[in-house]
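Note: the block below is coords.tsv and it holds TSV, C-alpha atoms.
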chain	number	residue	atom	x	y	z
A	1	MET	CA	7.57	26.29	-20.96
A	2	PRO	CA	6.14	24.29	-23.90
A	3	PRO	CA	3.58	21.60	-23.14
A	4	PRO	CA	4.86	18.01	-23.05
A	5	SER	CA	4.38	15.99	-26.22
A	6	PRO	CA	1.56	13.42	-26.06
A	7	ARG	CA	1.91	9.77	-26.96
A	8	ARG	CA	1.31	9.05	-30.64
A	9	PRO	CA	-1.38	8.05	-31.09
A	10	PRO	CA	-2.62	9.12	-27.60
A	11	ARG	CA	-5.13	6.93	-25.87
A	12	HIS	CA	-8.17	8.66	-24.48
A	13	LEU	CA	-7.75	9.55	-20.81
A	14	ALA	CA	-10.84	7.46	-20.01
A	15	ASP	CA	-8.96	4.37	-21.24
A	16	HIS	CA	-6.10	5.07	-18.85
A	17	LEU	CA	-8.57	5.76	-16.06
A	18	ARG	CA	-10.14	2.33	-16.49
A	19	ARG	CA	-6.70	0.73	-16.79
A	20	LEU	CA	-5.83	2.10	-13.37
A	21	GLY	CA	-9.05	0.70	-11.90
A	22	HIS	CA	-11.17	3.88	-11.73
A	23	SER	CA	-14.41	4.90	-13.41
A	24	ALA	CA	-14.53	8.64	-12.65
A	25	LEU	CA	-12.42	11.52	-11.36
A	26	ARG	CA	-12.71	12.87	-7.84
A	27	PRO	CA	-12.96	16.57	-6.88
A	28	GLY	CA	-9.82	18.52	-7.77
A	29	GLN	CA	-8.27	15.83	-9.95
A	30	ALA	CA	-9.39	17.38	-13.25
A	31	GLU	CA	-7.74	20.71	-12.38
A	32	VAL	CA	-4.47	18.99	-11.49
A	33	LEU	CA	-4.57	16.90	-14.67
A	34	PHE	CA	-5.13	20.00	-16.80
A	35	SER	CA	-2.08	21.74	-15.33
A	36	ALA	CA	0.11	18.65	-15.70
A	37	LEU	CA	-0.97	17.93	-19.29
A	38	THR	CA	-0.47	21.53	-20.40
A	39	GLY	CA	3.05	21.74	-19.02
A	40	ARG	CA	2.36	23.91	-15.96
A	41	ASN	CA	3.86	23.43	-12.51
A	42	VAL	CA	1.20	22.48	-9.96
A	43	LEU	CA	0.91	21.73	-6.25
A	44	ALA	CA	-2.03	19.48	-5.34
A	45	VAL	CA	-3.18	19.75	-1.72
A	46	MET	CA	-5.70	16.97	-1.15
A	47	PRO	CA	-6.72	15.01	1.93
A	48	THR	CA	-5.60	11.45	2.43
A	49	GLY	CA	-7.69	9.11	0.32
A	50	ALA	CA	-8.61	11.79	-2.23
A	51	GLY	CA	-6.66	10.12	-5.05
A	52	LYS	CA	-3.38	12.03	-5.23
A	53	SER	CA	-1.55	9.14	-6.92
A	54	LEU	CA	-3.99	9.16	-9.83
A	55	CYS	CA	-3.13	12.84	-10.40
A	56	PHE	CA	0.31	11.85	-11.68
A	57	GLN	CA	-0.33	8.30	-12.86
A	58	LEU	CA	-2.98	9.39	-15.36
A	59	PRO	CA	-0.93	12.12	-17.10
A	60	GLY	CA	2.17	9.94	-16.84
A	61	LEU	CA	0.47	7.31	-18.99
A	62	GLN	CA	-0.69	9.94	-21.47
A	63	LEU	CA	2.67	11.66	-21.96
A	64	ALA	CA	5.48	10.47	-24.16
A	65	GLY	CA	8.48	9.92	-21.90
A	66	THR	CA	9.30	8.82	-18.37
A	67	THR	CA	7.60	10.17	-15.25
A	68	VAL	CA	10.06	10.52	-12.36
A	69	VAL	CA	8.40	10.16	-8.96
A	70	VAL	CA	10.36	11.33	-5.90
A	71	SER	CA	9.14	9.53	-2.79
A	72	PRO	CA	10.48	9.68	0.79
A	73	LEU	CA	10.03	6.03	1.78
A	74	ILE	CA	11.21	2.81	0.16
A	75	ALA	CA	8.14	0.90	1.43
A	76	LEU	CA	5.86	3.47	-0.20
A	77	MET	CA	7.74	3.23	-3.51
A	78	LYS	CA	7.59	-0.56	-3.51
A	79	ASP	CA	3.86	-0.54	-2.80
A	80	GLN	CA	3.04	1.85	-5.64
A	81	VAL	CA	5.38	0.17	-8.15
A	82	ASP	CA	3.90	-3.26	-7.37
A	83	LYS	CA	0.36	-1.97	-7.93
A	84	LEU	CA	1.26	-0.34	-11.26
A	85	VAL	CA	3.06	-3.45	-12.50
A	86	GLU	CA	0.00	-5.55	-11.61
A	87	ARG	CA	-1.99	-3.35	-14.02
A	88	GLY	CA	0.51	-3.80	-16.81
A	89	VAL	CA	2.25	-0.45	-16.38
A	90	ARG	CA	6.02	-0.32	-16.93
A	91	ALA	CA	7.12	0.96	-13.52
A	92	ALA	CA	10.35	0.50	-11.57
A	93	ARG	CA	12.15	1.85	-8.52
A	94	LEU	CA	15.76	2.57	-7.63
A	95	ASP	CA	16.61	2.36	-3.95
A	96	SER	CA	19.19	0.96	-1.57
A	97	THR	CA	17.43	-2.41	-1.19
A	98	LEU	CA	17.94	-3.45	-4.84
A	99	ALA	CA	20.66	-5.94	-5.70
A	100	ALA	CA	23.34	-4.66	-8.06
A	101	ALA	CA	22.04	-6.84	-10.91
A	102	ASP	CA	18.49	-5.48	-10.47
A	103	GLU	CA	19.77	-1.92	-10.44
A	104	ARG	CA	21.71	-2.47	-13.68
A	105	ARG	CA	18.58	-3.95	-15.28
A	106	VAL	CA	16.45	-0.94	-14.29
A	107	LEU	CA	19.07	1.49	-15.60
A	108	ALA	CA	19.28	-0.39	-18.91
A	109	GLU	CA	15.50	-0.37	-19.31
A	110	LEU	CA	15.46	3.32	-18.43
A	111	ALA	CA	18.08	4.13	-21.08
A	112	ASP	CA	16.05	2.17	-23.66
A	113	GLY	CA	12.90	4.19	-22.88
A	114	ARG	CA	11.06	1.14	-21.53
A	115	ILE	CA	10.10	2.63	-18.15
A	116	GLU	CA	7.00	4.82	-17.87
A	117	PHE	CA	7.30	5.51	-14.11
A	118	LEU	CA	10.59	5.61	-12.22
A	119	TYR	CA	10.39	5.97	-8.43
A	120	VAL	CA	13.46	7.33	-6.62
A	121	THR	CA	14.38	8.84	-3.27
A	122	PRO	CA	15.54	12.48	-3.07
A	123	GLU	CA	19.01	11.25	-2.15
A	124	ARG	CA	19.27	9.35	-5.44
A	125	LEU	CA	18.62	12.57	-7.36
A	126	ALA	CA	21.41	14.27	-5.42
A	127	ASN	CA	23.87	11.81	-7.00
A	128	PRO	CA	25.60	13.50	-10.00
A	129	ASP	CA	26.31	10.16	-11.70
A	130	PHE	CA	22.66	9.15	-11.61
A	131	LEU	CA	21.58	12.60	-12.77
A	132	ALA	CA	23.90	12.22	-15.76
A	133	VAL	CA	22.21	8.93	-16.67
A	134	LEU	CA	18.74	10.39	-16.22
A	135	GLY	CA	19.76	13.40	-18.29
A	136	GLY	CA	19.78	11.18	-21.36
A	137	VAL	CA	16.15	10.18	-20.83
A	138	GLU	CA	13.05	12.10	-21.89
A	139	VAL	CA	11.48	13.07	-18.56
A	140	ASP	CA	8.00	14.44	-19.21
A	141	LEU	CA	6.82	14.91	-15.60
A	142	PHE	CA	8.73	15.48	-12.34
A	143	VAL	CA	6.61	14.38	-9.37
A	144	VAL	CA	7.38	15.12	-5.71
A	145	ASP	CA	5.12	13.05	-3.47
A	146	GLU	CA	4.60	14.05	0.19
A	147	ALA	CA	5.83	17.52	-0.81
A	148	HIS	CA	5.42	18.93	2.72
A	149	CYS	CA	8.65	17.07	3.53
A	150	ILE	CA	10.61	19.84	1.79
A	151	SER	CA	9.71	22.12	4.71
A	152	GLU	CA	9.57	19.54	7.51
A	153	TRP	CA	12.64	17.52	6.50
A	154	GLY	CA	14.56	19.58	3.94
A	155	HIS	CA	15.96	21.93	6.57
A	156	ASP	CA	16.69	19.05	8.95
A	157	PHE	CA	17.79	15.48	8.45
A	158	ARG	CA	17.07	15.04	4.71
A	159	PRO	CA	18.74	18.03	3.04
A	160	ALA	CA	18.47	16.31	-0.36
A	161	TYR	CA	14.90	17.67	-0.47
A	162	LEU	CA	16.36	21.15	-0.88
A	163	GLU	CA	18.32	19.99	-3.95
A	164	LEU	CA	15.31	18.69	-5.87
A	165	GLY	CA	14.82	22.00	-7.67
A	166	ARG	CA	18.36	21.85	-9.02
A	167	ALA	CA	17.90	18.22	-10.04
A	168	ARG	CA	14.74	19.16	-11.94
A	169	GLU	CA	16.57	21.95	-13.75
A	170	ALA	CA	19.42	19.57	-14.60
A	171	LEU	CA	16.83	17.38	-16.33
A	172	GLY	CA	15.71	20.26	-18.53
A	173	GLY	CA	12.99	21.63	-16.27
A	174	PRO	CA	10.15	19.16	-16.90
A	175	PRO	CA	6.74	20.17	-15.49
A	176	LEU	CA	6.51	19.78	-11.71
A	177	LEU	CA	3.66	18.03	-9.95
A	178	ALA	CA	3.95	18.23	-6.15
A	179	LEU	CA	1.44	16.50	-3.88
A	180	THR	CA	0.63	16.60	-0.18
A	181	ALA	CA	-2.27	16.27	2.21
A	182	THR	CA	-1.30	19.38	4.18
A	183	ALA	CA	0.35	22.59	3.02
A	184	GLY	CA	0.42	25.80	5.01
A	185	PRO	CA	1.81	29.05	3.60
A	186	GLU	CA	5.41	28.08	4.38
A	187	VAL	CA	5.12	24.77	2.50
A	188	ILE	CA	3.54	26.45	-0.53
A	189	ALA	CA	6.30	29.07	-0.48
A	190	ASP	CA	9.02	26.41	-0.30
A	191	VAL	CA	7.51	24.41	-3.16
A	192	ARG	CA	7.08	27.54	-5.29
A	193	GLU	CA	10.61	28.86	-4.78
A	194	ARG	CA	12.70	25.73	-4.26
A	195	LEU	CA	10.98	23.30	-6.63
A	196	ALA	CA	9.00	25.31	-9.17
A	197	GLY	CA	11.27	28.31	-9.62
A	198	GLY	CA	8.47	30.75	-8.81
A	199	ASP	CA	5.79	29.54	-11.28
A	200	LEU	CA	3.17	27.38	-9.57
A	201	ASP	CA	-0.53	26.58	-9.80
A	202	VAL	CA	-2.08	25.50	-6.49
A	203	VAL	CA	-5.09	23.19	-6.37
A	204	ASP	CA	-6.35	22.93	-2.78
A	205	THR	CA	-9.48	20.83	-2.17
A	206	GLY	CA	-9.49	21.44	1.59
A	207	VAL	CA	-9.03	19.06	4.49
A	208	TYR	CA	-12.58	18.03	5.41
A	209	ARG	CA	-13.40	14.32	5.22
A	210	PRO	CA	-17.01	13.63	6.23
A	211	ASN	CA	-16.44	9.92	6.98
A	212	LEU	CA	-14.03	10.64	9.84
A	213	GLU	CA	-15.41	11.06	13.35
A	214	LEU	CA	-13.00	13.25	15.32
A	215	GLU	CA	-13.07	12.84	19.11
A	216	VAL	CA	-11.13	14.21	22.06
A	217	THR	CA	-11.40	12.21	25.29
A	218	PRO	CA	-9.96	13.86	28.43
A	219	VAL	CA	-8.15	11.37	30.70
A	220	ALA	CA	-6.72	11.87	34.16
A	221	ASP	CA	-3.66	9.62	33.99
A	222	ASP	CA	-1.96	6.77	32.11
A	223	GLU	CA	-4.20	4.15	33.68
A	224	ALA	CA	-7.25	5.97	32.33
A	225	LYS	CA	-5.63	5.96	28.89
A	226	LEU	CA	-5.12	2.23	29.00
A	227	ALA	CA	-8.73	1.73	30.08
A	228	ALA	CA	-10.01	3.95	27.25
A	229	LEU	CA	-7.91	2.05	24.72
A	230	GLY	CA	-9.20	-1.27	25.98
A	231	GLU	CA	-12.80	-0.04	25.68
A	232	LEU	CA	-12.26	1.20	22.12
A	233	LEU	CA	-10.78	-2.09	20.94
A	234	ALA	CA	-13.55	-4.01	22.70
A	235	GLU	CA	-16.14	-1.94	20.79
A	236	SER	CA	-14.46	-2.79	17.46
A	237	PRO	CA	-13.32	-6.41	17.73
A	238	GLY	CA	-10.97	-7.38	14.92
A	239	ALA	CA	-11.05	-3.90	13.34
A	240	SER	CA	-7.88	-2.54	11.79
A	241	GLY	CA	-6.39	0.43	13.62
A	242	ILE	CA	-3.31	2.41	14.63
A	243	VAL	CA	-2.44	3.64	18.12
A	244	TYR	CA	0.07	6.49	17.98
A	245	VAL	CA	2.38	7.27	20.90
A	246	ALA	CA	5.11	9.84	21.47
A	247	THR	CA	7.88	7.64	22.88
A	248	ILE	CA	9.30	4.15	22.52
A	249	ALA	CA	8.63	3.46	26.22
A	250	HIS	CA	4.94	4.27	25.75
A	251	CYS	CA	4.85	2.08	22.64
A	252	GLU	CA	6.19	-0.94	24.50
A	253	ARG	CA	3.94	-0.41	27.52
A	254	ILE	CA	0.73	-0.02	25.54
A	255	ALA	CA	1.51	-2.91	23.19
A	256	ASP	CA	2.18	-5.18	26.17
A	257	HIS	CA	-1.06	-4.05	27.85
A	258	LEU	CA	-3.21	-4.68	24.78
A	259	ALA	CA	-1.56	-8.06	24.18
A	260	ALA	CA	-2.31	-9.02	27.80
A	261	LEU	CA	-5.98	-8.21	27.09
A	262	GLY	CA	-5.91	-10.74	24.27
A	263	HIS	CA	-5.56	-8.38	21.30
A	264	ARG	CA	-3.26	-9.16	18.38
A	265	VAL	CA	-0.95	-6.14	18.14
A	266	GLU	CA	2.28	-5.12	16.46
A	267	ARG	CA	4.74	-2.58	17.80
A	268	TYR	CA	6.65	-0.23	15.52
A	269	HIS	CA	9.35	2.24	16.55
A	270	GLY	CA	12.82	3.39	15.57
A	271	ARG	CA	14.70	1.17	17.99
A	272	LEU	CA	13.53	-1.96	16.19
A	273	GLY	CA	15.71	-3.25	13.36
A	274	ARG	CA	14.69	-2.68	9.75
A	275	ALA	CA	13.68	-6.32	9.25
A	276	ALA	CA	11.49	-6.29	12.39
A	277	ARG	CA	9.79	-3.04	11.32
A	278	GLN	CA	9.18	-4.34	7.82
A	279	ALA	CA	7.74	-7.61	9.11
A	280	ALA	CA	5.41	-5.77	11.50
A	281	GLN	CA	4.21	-3.48	8.71
A	282	GLU	CA	3.59	-6.40	6.33
A	283	ARG	CA	1.56	-8.29	8.95
A	284	PHE	CA	-0.52	-5.19	9.59
A	285	MET	CA	-1.00	-4.35	5.92
A	286	GLY	CA	-1.94	-7.94	5.12
A	287	GLY	CA	-4.54	-8.08	7.90
A	288	GLU	CA	-2.73	-10.77	9.85
A	289	THR	CA	-2.41	-8.41	12.83
A	290	PRO	CA	-5.23	-5.87	13.08
A	291	VAL	CA	-3.64	-3.28	15.39
A	292	VAL	CA	-0.25	-1.58	15.43
A	293	VAL	CA	1.05	0.58	18.29
A	294	ALA	CA	3.59	2.98	16.84
A	295	THR	CA	5.59	6.15	17.13
A	296	ASN	CA	5.45	8.60	14.25
A	297	ALA	CA	8.11	6.47	12.54
A	298	PHE	CA	5.14	4.52	11.15
A	299	GLY	CA	2.62	5.55	8.57
A	300	LEU	CA	3.90	7.96	5.92
A	301	GLY	CA	2.39	6.77	2.67
A	302	ILE	CA	0.59	3.80	4.26
A	303	ASP	CA	-2.08	2.81	1.74
A	304	LYS	CA	-4.40	0.53	3.72
A	305	PRO	CA	-7.99	1.47	2.90
A	306	ASP	CA	-9.84	-0.27	5.74
A	307	ILE	CA	-8.26	1.33	8.84
A	308	ARG	CA	-11.29	1.86	11.07
A	309	PHE	CA	-9.66	3.82	13.88
A	310	VAL	CA	-6.60	5.92	14.64
A	311	VAL	CA	-5.99	6.70	18.32
A	312	HIS	CA	-3.47	9.22	19.57
A	313	SER	CA	-2.60	8.03	23.05
A	314	ASP	CA	-0.17	10.94	23.37
A	315	LEU	CA	-0.46	14.51	22.18
A	316	PRO	CA	0.92	14.84	18.61
A	317	PRO	CA	3.63	17.47	17.98
A	318	SER	CA	1.46	19.73	15.79
A	319	PRO	CA	-2.01	20.01	14.20
A	320	ARG	CA	-0.43	19.13	10.84
A	321	ALA	CA	1.09	15.95	12.27
A	322	TYR	CA	-2.27	15.05	13.79
A	323	TYR	CA	-4.05	15.54	10.47
A	324	GLN	CA	-1.47	13.47	8.57
A	325	GLU	CA	-1.70	10.61	11.08
A	326	ALA	CA	-5.44	10.66	11.76
A	327	GLY	CA	-6.04	10.89	8.02
A	328	ARG	CA	-4.80	7.33	7.56
A	329	ALA	CA	-8.18	6.14	8.79
A	330	GLY	CA	-11.10	5.48	6.46
A	331	ARG	CA	-9.36	5.74	3.10
A	332	ASP	CA	-12.10	3.52	1.66
A	333	GLY	CA	-14.67	6.25	2.39
A	334	GLU	CA	-16.39	4.21	5.10
A	335	PRO	CA	-16.88	5.62	8.63
A	336	ALA	CA	-13.80	5.65	10.86
A	337	ARG	CA	-12.93	7.03	14.29
A	338	CYS	CA	-10.05	9.38	15.09
A	339	ARG	CA	-9.65	9.67	18.82
A	340	LEU	CA	-7.23	11.80	20.87
A	341	LEU	CA	-6.74	10.80	24.51
A	342	PHE	CA	-5.86	14.14	26.06
A	343	ARG	CA	-3.99	14.50	29.32
A	344	ARG	CA	-2.80	18.02	30.10
A	345	ALA	CA	0.56	16.80	31.40
A	346	ASP	CA	1.34	15.30	27.97
A	347	ARG	CA	2.30	18.74	26.71
A	348	ALA	CA	5.50	18.39	28.71
A	349	VAL	CA	6.44	15.26	26.72
A	350	GLN	CA	6.27	17.13	23.42
A	351	ALA	CA	8.17	20.05	24.94
A	352	ARG	CA	11.01	17.70	25.92
A	353	LEU	CA	11.05	16.10	22.46
A	354	ALA	CA	11.12	19.52	20.79
A	355	ALA	CA	13.95	20.67	23.04
A	356	GLY	CA	16.04	17.65	22.07
A	357	ARG	CA	15.42	18.01	18.34
A	358	TYR	CA	18.29	20.45	17.80
A	359	PRO	CA	21.79	20.55	19.35
A	360	ARG	CA	22.57	23.03	22.09
A	361	ALA	CA	25.05	25.84	21.49
A	362	GLU	CA	27.62	24.15	23.74
A	363	ASP	CA	27.28	20.91	21.73
A	364	LEU	CA	28.00	22.78	18.48
A	365	ALA	CA	31.01	24.48	20.12
A	366	ALA	CA	32.35	21.11	21.29
A	367	VAL	CA	32.03	19.64	17.79
A	368	HIS	CA	33.78	22.70	16.32
A	369	ARG	CA	36.66	22.34	18.77
What would you get if you wrote out this structure as structure tokens?
Amino acid sequence: MPPPSPRRPPRHLADHLRRLGHSALRPGQAEVLFSALTGRNVLAVMPTGAGKSLCFQLPGLQLAGTTVVVSPLIALMKDQVDKLVERGVRAARLDSTLAAADERRVLAELADGRIEFLYVTPERLANPDFLAVLGGVEVDLFVVDEAHCISEWGHDFRPAYLELGRAREALGGPPLLALTATAGPEVIADVRERLAGGDLDVVDTGVYRPNLELEVTPVADDEAKLAALGELLAESPGASGIVYVATIAHCERIADHLAALGHRVERYHGRLGRAARQAAQERFMGGETPVVVATNAFGLGIDKPDIRFVVHSDLPPSPRAYYQEAGRAGRDGEPARCRLLFRRADRAVQARLAAGRYPRAEDLAAVHR
């Protein structure tokens, strides 16, 4: 695959680095940039807060055409687009929340070559009509953010992830840059075969983050959990933090308990309407409400640097899920606490959730009939 053509005349990478608000590269970023700028496919495995976004924003500014960024969440796309636009970068997004007039404007600017970064969901790239429009644009970099979702979601409730490789080929096979904080062998294999077509560099900087204090606190029952949570919040008055729970019932109970203790808390779970979830997230992100109690519906792509603690009140479903969620603490590099309140009986909760994740054979037979 030939290397992408640079801008003419190209600005020095240091100029783009300063434009994006940075003065130096972090570990692993130079290797990812080299692969991206020389037209190679690359998977970057870097911990939360290690600067994964810069790995595609910097080459995207250096290259000639449009960088397409595939992102799983609309809130995450909006956040990144807003930050790029604030720095004078021509960035836009296409998602279901845009009015028809705004979508037409973005498509017109895209066709005119006036968009440097276009953020889309995987479902958008599964649309043949949109792919036909994008096929007329010079795409110099194809970015898949939160690339672990191809394994965790692609085989489940977001099958469009499995079509991203075909979409990339339909665009002429631009260089792939996939990014994630966690990637076991199965994720790397999926990215290599389904996205990269077999040719893939892997840059893995490890998972260790020295500013995070990992703790496991054994508790006897739910009352002990509530007491431990109350003590933690009392030790960090006003600090920003997330309390993760496994079920909606636990979310409501813990949020009510902390509110009764006088803490300002939000609750976030899938039974709330979209507007309520968005409002809760905005209050948390803006610092109006310091603590959010949430199921795992909250957090993917959350870019709040000053989260001082993440508490798992319930056992997470897997070590990878724990790392993704706990890793949202301390993105500013300052000390942060990651605390798991462990009760042996909680394993049964995750077992029930796992059992209900897939339909039973008799359910499939009933649907077939």
>> One decimal, in Å: what's the spacing between atom CA of Tyr323 of chain A and atom CA of Tyr208 of chain A?
In response: 10.2 Å
>> List as number ranges by chain the protein and nucleic acid residues near segment 47-64 of chain A, meaning an atom at most 8 Å away when only C-alpha atoms are counted, but skip any in the same chain fewer than 4 places from it.
In response: A: 4-8, 10-11, 13, 16-17, 26-27, 29, 32-33, 36-37, 116-117, 140-141, 143, 177, 179-182, 205-209, 324, 327-328, 330-333
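Coordinates place atom CA of Val187 of chain A at a distance of 8.0 Å from atom CA of Ala147 of chain A.
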>> Ranking A:Ala366, A:Lys83, A:Gly230, A:Pro305 by minimum distance to Ala259 of chain A and counting only C-alpha atoms, which one comes first?
In response: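 The shortest atom-to-atom distance to Ala259 of chain A comes from A:Gly230.
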> For the atom pair atom CA of Arg264 of chain A and atom CA of Val291 of chain A, what is the interatomic distance in Å to one decimal place?
Replying inline: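 Atom-to-atom, atom CA of Arg264 of chain A to atom CA of Val291 of chain A, that is 6.6 Å.
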>> Counting all atoms listed in the file, which residues have an atom no more than 10 Å from (8.7, -1.8, 14.7) in the file's coordinates? Please list them as a ChimeraX atom specification.
In response: /A:248,251,266-281,292-295,297-298
> Nearest to Leu162 of chain A: which of A:Asp145, A:Glu186, A:Asp303, A:Glu193 is it, counting all atoms listed in the file?
Replying inline: A:Glu193
>> What's around segment 336-343 of chain A at 12 Å? Count only C-alpha atoms, leave out sequence neighbours fewer than 5 positions away in its own chain, and write the answer as a ChimeraX atom specification.
In response: /A:209-229,232-233,235-236,239-245,305-316,319,322-331,348-349
Residues from the last selection, C-alpha atoms, saved as a compact mmCIF listing (two decimals), in the coordinates of the input:
# COMPACT_ATOMS: atom_id res chain seq x y z
CA ARG A 209 -13.40 14.32 5.22
CA PRO A 210 -17.01 13.63 6.23
CA ASN A 211 -16.44 9.92 6.98
CA LEU A 212 -14.03 10.64 9.84
CA GLU A 213 -15.41 11.06 13.35
CA LEU A 214 -13.00 13.25 15.32
CA GLU A 215 -13.07 12.84 19.11
CA VAL A 216 -11.13 14.21 22.06
CA THR A 217 -11.40 12.21 25.29
CA PRO A 218 -9.96 13.86 28.43
CA VAL A 219 -8.15 11.37 30.70
CA ALA A 220 -6.72 11.87 34.16
CA ASP A 221 -3.66 9.62 33.99
CA ASP A 222 -1.96 6.77 32.11
CA GLU A 223 -4.20 4.15 33.68
CA ALA A 224 -7.25 5.97 32.33
CA LYS A 225 -5.63 5.96 28.89
CA LEU A 226 -5.12 2.23 29.00
CA ALA A 227 -8.73 1.73 30.08
CA ALA A 228 -10.01 3.95 27.25
CA LEU A 229 -7.91 2.05 24.72
CA LEU A 232 -12.26 1.20 22.12
CA LEU A 233 -10.78 -2.09 20.94
CA GLU A 235 -16.14 -1.94 20.79
CA SER A 236 -14.46 -2.79 17.46
CA ALA A 239 -11.05 -3.90 13.34
CA SER A 240 -7.88 -2.54 11.79
CA GLY A 241 -6.39 0.43 13.62
CA ILE A 242 -3.31 2.41 14.63
CA VAL A 243 -2.44 3.64 18.12
CA TYR A 244 0.07 6.49 17.98
CA VAL A 245 2.38 7.27 20.90
CA PRO A 305 -7.99 1.47 2.90
CA ASP A 306 -9.84 -0.27 5.74
CA ILE A 307 -8.26 1.33 8.84
CA ARG A 308 -11.29 1.86 11.07
CA PHE A 309 -9.66 3.82 13.88
CA VAL A 310 -6.60 5.92 14.64
CA VAL A 311 -5.99 6.70 18.32
CA HIS A 312 -3.47 9.22 19.57
CA SER A 313 -2.60 8.03 23.05
CA ASP A 314 -0.17 10.94 23.37
CA LEU A 315 -0.46 14.51 22.18
CA PRO A 316 0.92 14.84 18.61
CA PRO A 319 -2.01 20.01 14.20
CA TYR A 322 -2.27 15.05 13.79
CA TYR A 323 -4.05 15.54 10.47
CA GLN A 324 -1.47 13.47 8.57
CA GLU A 325 -1.70 10.61 11.08
CA ALA A 326 -5.44 10.66 11.76
CA GLY A 327 -6.04 10.89 8.02
CA ARG A 328 -4.80 7.33 7.56
CA ALA A 329 -8.18 6.14 8.79
CA GLY A 330 -11.10 5.48 6.46
CA ARG A 331 -9.36 5.74 3.10
CA ALA A 348 5.50 18.39 28.71
CA VAL A 349 6.44 15.26 26.72
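Among the candidates A:Val106, A:Val68, A:Val367, A:Cys149, the one nearest to Gly135 of chain A when counting only C-alpha atoms is A:Val68.
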> Which residue gives the smallest distance to Gly287 of chain A among A:Pro317, A:Gly238, A:Gly198, A:Pro335, with all atoms listed in the file counted?
Replying inline: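 Using all atoms listed in the file, the shortest distance to Gly287 of chain A belongs to A:Gly238.
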>> Env of segment 123-134 of chain A: 9 Å cut, atoms = all atoms listed in the file, seq-sep filter 3 positions within chain, self excluded. Answer as number ranges by chain.
In response: A: 70, 94-95, 107, 110-111, 120, 137-139, 158-161, 163-164, 166-168, 170-171
> Of the residues A:Ile188, A:Val45, A:Ala91, A:Ile254, which is the one nearest to Glu31 of chain A, using all atoms listed in the file?
Replying inline: A:Val45
